[in-house]
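Shown next: coords37.csv, given as CSV, C-alpha atoms and all ligand atoms.
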```csv
chain,number,residue,atom,x,y,z
M,12,MET,CA,-8.6,15.8,7.8
M,13,LYS,CA,-10.4,16.8,4.7
M,14,LYS,CA,-13.4,14.7,3.6
M,15,ASP,CA,-15.7,14.9,0.7
M,16,ILE,CA,-19.4,14.2,0.4
M,17,HIS,CA,-20.6,12.7,-2.9
M,18,ILE,CA,-24.3,12.7,-3.9
M,19,GLY,CA,-25.8,10.7,-6.7
M,20,TYR,CA,-28.5,12.0,-8.9
M,21,GLU,CA,-30.2,11.3,-12.1
M,22,HIS,CA,-30.6,13.7,-15.0
M,23,PHE,CA,-33.3,13.4,-17.6
M,24,LYS,CA,-32.9,15.6,-20.6
M,25,SER,CA,-36.6,15.5,-21.3
M,26,SER,CA,-39.8,14.3,-19.5
M,27,SER,CA,-40.2,11.7,-22.3
M,28,GLU,CA,-37.4,9.7,-20.5
M,29,LEU,CA,-39.6,9.4,-17.4
M,30,ASN,CA,-41.7,6.3,-16.7
M,31,ASP,CA,-45.5,6.4,-16.6
M,32,ILE,CA,-46.0,7.3,-12.9
M,33,GLU,CA,-43.2,9.9,-13.1
M,34,LYS,CA,-44.9,11.4,-16.2
M,35,LYS,CA,-48.2,11.5,-14.4
M,36,LEU,CA,-46.5,13.4,-11.5
M,37,PHE,CA,-44.9,15.8,-13.9
M,38,GLU,CA,-48.2,16.6,-15.5
M,39,ARG,CA,-49.9,17.0,-12.1
M,40,ALA,CA,-47.2,19.3,-10.8
M,41,LYS,CA,-47.3,21.3,-14.0
M,42,ALA,CA,-51.1,21.7,-13.7
M,43,ALA,CA,-50.8,22.7,-10.0
M,44,ARG,CA,-48.2,25.3,-11.0
M,45,GLU,CA,-50.9,27.0,-13.1
M,46,ASN,CA,-53.0,27.6,-10.0
M,47,ALA,CA,-50.1,29.0,-7.9
M,48,TYR,CA,-51.0,32.3,-6.1
M,49,ALA,CA,-47.9,34.2,-6.8
M,50,PRO,CA,-48.8,37.8,-7.6
M,51,TYR,CA,-45.7,39.3,-5.9
M,52,SER,CA,-42.9,37.2,-7.3
M,53,ASN,CA,-44.6,36.0,-10.5
M,54,PHE,CA,-42.6,32.9,-9.9
M,55,LEU,CA,-45.0,29.9,-10.1
M,56,VAL,CA,-44.2,26.6,-8.4
M,57,GLY,CA,-46.3,23.4,-8.4
M,58,CYS,CA,-45.6,20.0,-6.9
M,59,ALA,CA,-47.3,16.6,-6.9
M,60,ILE,CA,-46.8,14.1,-4.2
M,61,LEU,CA,-47.3,10.3,-4.6
M,62,LEU,CA,-48.4,8.4,-1.5
M,63,GLU,CA,-47.6,4.7,-1.0
M,64,ASN,CA,-51.3,4.0,-1.5
M,65,GLY,CA,-51.1,5.3,-5.1
M,66,GLU,CA,-52.9,8.6,-4.4
M,67,ILE,CA,-51.5,11.8,-5.8
M,68,TYR,CA,-52.0,15.2,-4.2
M,69,SER,CA,-50.7,18.5,-5.4
M,70,GLY,CA,-49.8,21.9,-4.1
M,71,ASN,CA,-48.5,25.3,-5.2
M,72,ASN,CA,-47.0,28.4,-3.8
M,73,GLN,CA,-49.3,30.7,-1.9
M,74,GLU,CA,-48.0,34.2,-1.4
M,75,ASN,CA,-49.1,37.1,0.8
M,76,ALA,CA,-48.8,40.9,0.8
M,77,ALA,CA,-47.0,40.4,4.1
M,78,PHE,CA,-44.3,38.4,2.3
M,79,PRO,CA,-43.1,36.0,5.0
M,80,SER,CA,-46.7,34.8,5.5
M,81,GLY,CA,-46.7,33.1,2.2
M,82,LEU,CA,-45.7,29.4,1.7
M,83,CYS,CA,-43.8,27.4,-0.9
M,84,ALA,CA,-45.6,24.8,-3.0
M,85,GLU,CA,-43.8,21.8,-1.3
M,86,ARG,CA,-44.8,22.8,2.2
M,87,THR,CA,-48.3,23.7,1.2
M,88,ALA,CA,-48.8,20.1,-0.1
M,89,LEU,CA,-46.7,18.3,2.6
M,90,PHE,CA,-48.5,20.0,5.5
M,91,TRP,CA,-51.9,19.3,4.0
M,92,ILE,CA,-51.0,15.6,3.6
M,93,GLY,CA,-49.5,15.5,7.1
M,94,ALA,CA,-52.8,17.0,8.4
M,95,ASN,CA,-55.1,14.7,6.4
M,96,PHE,CA,-53.2,11.4,6.0
M,97,PRO,CA,-50.9,11.3,9.0
M,98,ASN,CA,-50.2,7.6,8.6
M,99,GLU,CA,-49.7,7.4,4.8
M,100,LYS,CA,-46.1,7.1,3.5
M,101,ILE,CA,-44.9,9.6,1.0
M,102,ASN,CA,-43.0,7.9,-1.9
M,103,LYS,CA,-42.2,10.8,-4.3
M,104,ILE,CA,-42.5,14.5,-4.7
M,105,PHE,CA,-42.2,16.2,-8.1
M,106,ILE,CA,-41.6,19.9,-8.2
M,107,ILE,CA,-41.8,22.2,-11.2
M,108,GLY,CA,-41.2,25.9,-11.1
M,109,GLY,CA,-40.4,28.9,-13.3
M,110,PRO,CA,-41.4,32.5,-13.9
M,111,ARG,CA,-45.0,33.2,-15.0
M,112,GLU,CA,-43.5,34.3,-18.4
M,113,PHE,CA,-41.8,31.1,-19.6
M,114,SER,CA,-38.1,31.5,-19.8
M,115,GLU,CA,-36.0,28.8,-21.6
M,116,LYS,CA,-33.1,29.8,-19.3
M,117,THR,CA,-34.8,28.8,-16.1
M,118,PRO,CA,-33.0,25.7,-14.8
M,119,PRO,CA,-34.9,22.9,-12.9
M,120,ILE,CA,-36.0,24.4,-9.6
M,121,PRO,CA,-34.7,22.6,-6.5
M,122,PRO,CA,-36.6,22.8,-3.2
M,123,CYS,CA,-35.5,25.7,-1.0
M,124,GLY,CA,-33.8,25.1,2.3
M,125,ALA,CA,-36.9,25.3,4.5
M,126,CYS,CA,-38.7,22.8,2.2
M,127,ARG,CA,-35.7,20.4,2.4
M,128,GLN,CA,-35.9,20.6,6.2
M,129,SER,CA,-39.6,19.8,6.1
M,130,LEU,CA,-39.1,16.9,3.7
M,131,MET,CA,-36.4,15.7,6.0
M,132,GLU,CA,-38.9,15.7,8.9
M,133,TYR,CA,-41.3,13.5,7.0
M,134,GLU,CA,-38.6,11.1,5.9
M,135,THR,CA,-37.6,10.7,9.5
M,136,LYS,CA,-41.2,10.3,10.6
M,137,GLN,CA,-42.0,7.6,8.1
M,138,ASN,CA,-38.5,6.0,8.4
M,139,ASP,CA,-38.3,5.7,4.6
M,140,ASN,CA,-36.8,7.8,1.8
M,141,ILE,CA,-38.8,10.3,-0.3
M,142,GLU,CA,-37.6,10.5,-3.9
M,143,VAL,CA,-37.4,14.1,-5.0
M,144,TYR,CA,-37.7,15.2,-8.7
M,145,PHE,CA,-37.3,18.8,-9.8
M,146,SER,CA,-37.9,20.3,-13.2
M,147,ASN,CA,-38.6,23.3,-15.3
M,148,LEU,CA,-40.8,24.2,-18.2
M,149,ASN,CA,-38.2,22.9,-20.6
M,150,GLU,CA,-39.1,19.5,-19.0
M,151,GLU,CA,-35.5,18.8,-18.0
M,152,VAL,CA,-35.6,16.8,-14.8
M,153,PHE,CA,-33.2,16.0,-11.9
M,154,LYS,CA,-33.9,13.2,-9.4
M,155,VAL,CA,-32.4,12.4,-6.0
M,156,ASN,CA,-33.4,9.2,-4.1
M,157,SER,CA,-33.7,10.9,-0.7
M,158,ILE,CA,-33.9,14.5,0.7
M,159,LYS,CA,-30.7,13.6,2.6
M,160,ASP,CA,-28.9,14.0,-0.7
M,161,LEU,CA,-29.9,17.6,-0.9
M,162,LEU,CA,-29.4,18.2,2.8
M,163,PRO,CA,-26.0,16.9,4.1
M,164,PHE,CA,-25.4,17.5,7.8
M,165,TYR,CA,-29.1,17.8,8.3
M,166,PHE,CA,-30.6,18.7,11.7
M,167,ASP,CA,-33.2,16.3,13.1
M,168,ALA,CA,-34.8,15.2,16.4
M,169,THR,CA,-31.8,13.1,17.4
M,170,PHE,CA,-30.0,16.4,18.4
M,171,LEU,CA,-32.8,17.5,20.7
M,201,LIG,N1,-40.9,28.7,-4.0
M,201,LIG,C1,-41.5,27.5,-3.8
M,201,LIG,O1,-42.8,27.4,-3.9
M,201,LIG,N2,-40.8,26.4,-3.6
M,201,LIG,C2,-39.4,26.5,-3.5
M,201,LIG,O2,-38.8,25.5,-3.2
M,201,LIG,C3,-38.7,27.7,-3.9
M,201,LIG,C4,-39.5,29.0,-3.9
M,201,LIG,C5,-41.8,29.9,-4.2
M,201,LIG,C6,-41.8,30.9,-3.0
M,201,LIG,C7,-42.2,32.2,-3.6
M,201,LIG,O3,-43.6,32.2,-3.7
M,201,LIG,C8,-41.6,32.1,-5.0
M,201,LIG,O4,-41.4,30.7,-5.3
M,201,LIG,C9,-40.4,32.9,-5.3
M,201,LIG,O5,-39.4,32.6,-4.3
```
In C-alpha cells, write the structure found in this file.
Amino acid sequence: MKKDIHIGYEHFKSSSELNDIEKKLFERAKAARENAYAPYSNFLVGCAILLENGEIYSGNNQENAAFPSGLCAERTALFWIGANFPNEKINKIFIIGGPREFSEKTPPIPPCGACRQSLMEYETKQNDNIEVYFSNLNEEVFKVNSIKDLLPFYFDATFL
C-alpha cells in the first residue's frame, strides 16, 4: 500500500515578517556566521539557539585540515549547550548559511542529516519539540515546528 508523508512549514519572504524574538535569533545567527572558521569550504554557517529560560547561545562551523574532524554550526552550539546546561529546554534554533562571498542564488540552508539526528536526540531528551528556522543572506526564512518534520522515519533510542 502506498502512503504519503506530508510536512507543514512556514515560508517568510523576508526577515521583516519575523516577530521580535525571531528577528533577534536571526541577527545572532548572522553575527555568529561571521566568526565561522571555514577556511576550507569558505561556506559560513551560524546558528542561534533560544533556551526556555530566554537565554540565547550561538555557534558556527569549525573546520579542520583533517576534514572529518570539523563540525557543523548546529552541533557546535547544541553540544556546548548540552555540556553546560544539561537541564535547560531548547525552544528554537535559527540557522543561517551561505558562501563567504555573498551569492543571491544561495537558498536557505537546511541542517545536514547528522545535525538533524542530533537535534532529534535533544527533542527526545527534553520530550518537547524544537522549532527550526533556516535562512540565507537574502533573509528568506523557512520554519518547521519540529525536527521530526525534517527527519521522517527517524532513528531513536526506542529501537535500541
Ligand atoms: N555546515 C554546517 O555548519 N551546517 C550544516 O547543517 C550544513 C553544513 C558546514 C559544514 C562545513 O564546514 C561547511 O558547512 C560546508 O559543508
Kindly indicate which residue among M:Ala59, M:Cys123, M:Ile158, M:Leu89 lies nearest to ligand LIG 201 (chain M), using only C-alpha atoms and all ligand atoms for the distances.
-> M:Cys123
If you count all atoms listed in the file, which residues fall within 12 Å of Asn138 in chain M, apart from same-chain ones fewer than 4 positions away, as a PyMOL selection string?
-> chain M and resi 98-102+130-134+157
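In this structure, CA of Leu62 in chain M sits 11.6 Å away from CA of Gln137 in chain M.
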Go through the chains and note each residue within 9 Å of ligand LIG 201 (chain M), using only C-alpha atoms and all ligand atoms, then give the set as a ChimeraX atom specification.
-> /M:47-58,70-75,78,81-87,106-110,120-127
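Minimum atom-to-atom distances from M:Lys136, M:Lys41, M:His22, M:Lys103 to Leu148 in chain M were compared using only C-alpha atoms, and the lowest value belongs to M:Lys41.
Of the listed residues M:Gly65, M:Pro163, M:Pro118, M:Gly93, the one whose atoms come nearest to Asn149 in chain M is M:Pro118, with distances taken using all atoms listed in the file.
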Within 9 Å of Phe153 in chain M, counting all atoms listed in the file, which residues show up once you throw out same-chain ones fewer than 6 positions away? Write them as a list in words, please.
-> Tyr20, Glu21, His22, Phe23, Lys24, Pro119, Pro121, Val143, Tyr144, Phe145 and Ser146 of chain M
Atoms are missing here; could range 129-144 of chain M be completed with N, CA and C atoms and written as a PDB file, in the frame of the given file?
```pdb
ATOM      1  N   SER M 129     -38.302  20.440   5.877  1.00  0.00           N
ATOM      2  CA  SER M 129     -39.600  19.800   6.100  1.00  0.00           C
ATOM      3  C   SER M 129     -39.698  18.448   5.494  1.00  0.00           C
ATOM      4  N   LEU M 130     -39.132  18.287   4.287  1.00  0.00           N
ATOM      5  CA  LEU M 130     -39.100  16.900   3.700  1.00  0.00           C
ATOM      6  C   LEU M 130     -38.330  15.981   4.560  1.00  0.00           C
ATOM      7  N   MET M 131     -37.237  16.476   5.133  1.00  0.00           N
ATOM      8  CA  MET M 131     -36.400  15.700   6.000  1.00  0.00           C
ATOM      9  C   MET M 131     -37.242  15.162   7.222  1.00  0.00           C
ATOM     10  N   GLU M 132     -38.064  16.046   7.755  1.00  0.00           N
ATOM     11  CA  GLU M 132     -38.900  15.700   8.900  1.00  0.00           C
ATOM     12  C   GLU M 132     -39.827  14.505   8.564  1.00  0.00           C
ATOM     13  N   TYR M 133     -40.410  14.556   7.341  1.00  0.00           N
ATOM     14  CA  TYR M 133     -41.300  13.500   7.000  1.00  0.00           C
ATOM     15  C   TYR M 133     -40.580  12.185   6.632  1.00  0.00           C
ATOM     16  N   GLU M 134     -39.383  12.298   6.091  1.00  0.00           N
ATOM     17  CA  GLU M 134     -38.600  11.100   5.900  1.00  0.00           C
ATOM     18  C   GLU M 134     -38.289  10.413   7.222  1.00  0.00           C
ATOM     19  N   THR M 135     -37.929  11.231   8.202  1.00  0.00           N
ATOM     20  CA  THR M 135     -37.600  10.700   9.500  1.00  0.00           C
ATOM     21  C   THR M 135     -38.872  10.059  10.135  1.00  0.00           C
ATOM     22  N   LYS M 136     -39.978  10.787  10.026  1.00  0.00           N
ATOM     23  CA  LYS M 136     -41.200  10.300  10.600  1.00  0.00           C
ATOM     24  C   LYS M 136     -41.649   8.965  10.031  1.00  0.00           C
ATOM     25  N   GLN M 137     -41.510   8.801   8.716  1.00  0.00           N
ATOM     26  CA  GLN M 137     -42.000   7.600   8.100  1.00  0.00           C
ATOM     27  C   GLN M 137     -40.858   6.508   7.976  1.00  0.00           C
ATOM     28  N   ASN M 138     -39.654   6.899   8.408  1.00  0.00           N
ATOM     29  CA  ASN M 138     -38.500   6.000   8.400  1.00  0.00           C
ATOM     30  C   ASN M 138     -38.284   5.366   7.022  1.00  0.00           C
ATOM     31  N   ASP M 139     -38.475   6.160   6.016  1.00  0.00           N
ATOM     32  CA  ASP M 139     -38.300   5.700   4.600  1.00  0.00           C
ATOM     33  C   ASP M 139     -38.002   6.916   3.750  1.00  0.00           C
ATOM     34  N   ASN M 140     -37.247   6.696   2.677  1.00  0.00           N
ATOM     35  CA  ASN M 140     -36.800   7.800   1.800  1.00  0.00           C
ATOM     36  C   ASN M 140     -37.983   8.374   0.984  1.00  0.00           C
ATOM     37  N   ILE M 141     -37.848   9.619   0.623  1.00  0.00           N
ATOM     38  CA  ILE M 141     -38.800  10.300  -0.300  1.00  0.00           C
ATOM     39  C   ILE M 141     -37.948  10.635  -1.546  1.00  0.00           C
ATOM     40  N   GLU M 142     -38.351  10.148  -2.696  1.00  0.00           N
ATOM     41  CA  GLU M 142     -37.600  10.500  -3.900  1.00  0.00           C
ATOM     42  C   GLU M 142     -38.064  11.897  -4.369  1.00  0.00           C
ATOM     43  N   VAL M 143     -37.073  12.714  -4.706  1.00  0.00           N
ATOM     44  CA  VAL M 143     -37.400  14.100  -5.000  1.00  0.00           C
ATOM     45  C   VAL M 143     -36.973  14.365  -6.502  1.00  0.00           C
ATOM     46  N   TYR M 144     -37.947  14.847  -7.268  1.00  0.00           N
ATOM     47  CA  TYR M 144     -37.700  15.200  -8.700  1.00  0.00           C
ATOM     48  C   TYR M 144     -37.912  16.719  -8.768  1.00  0.00           C
TER      49      TYR M 144
END
```
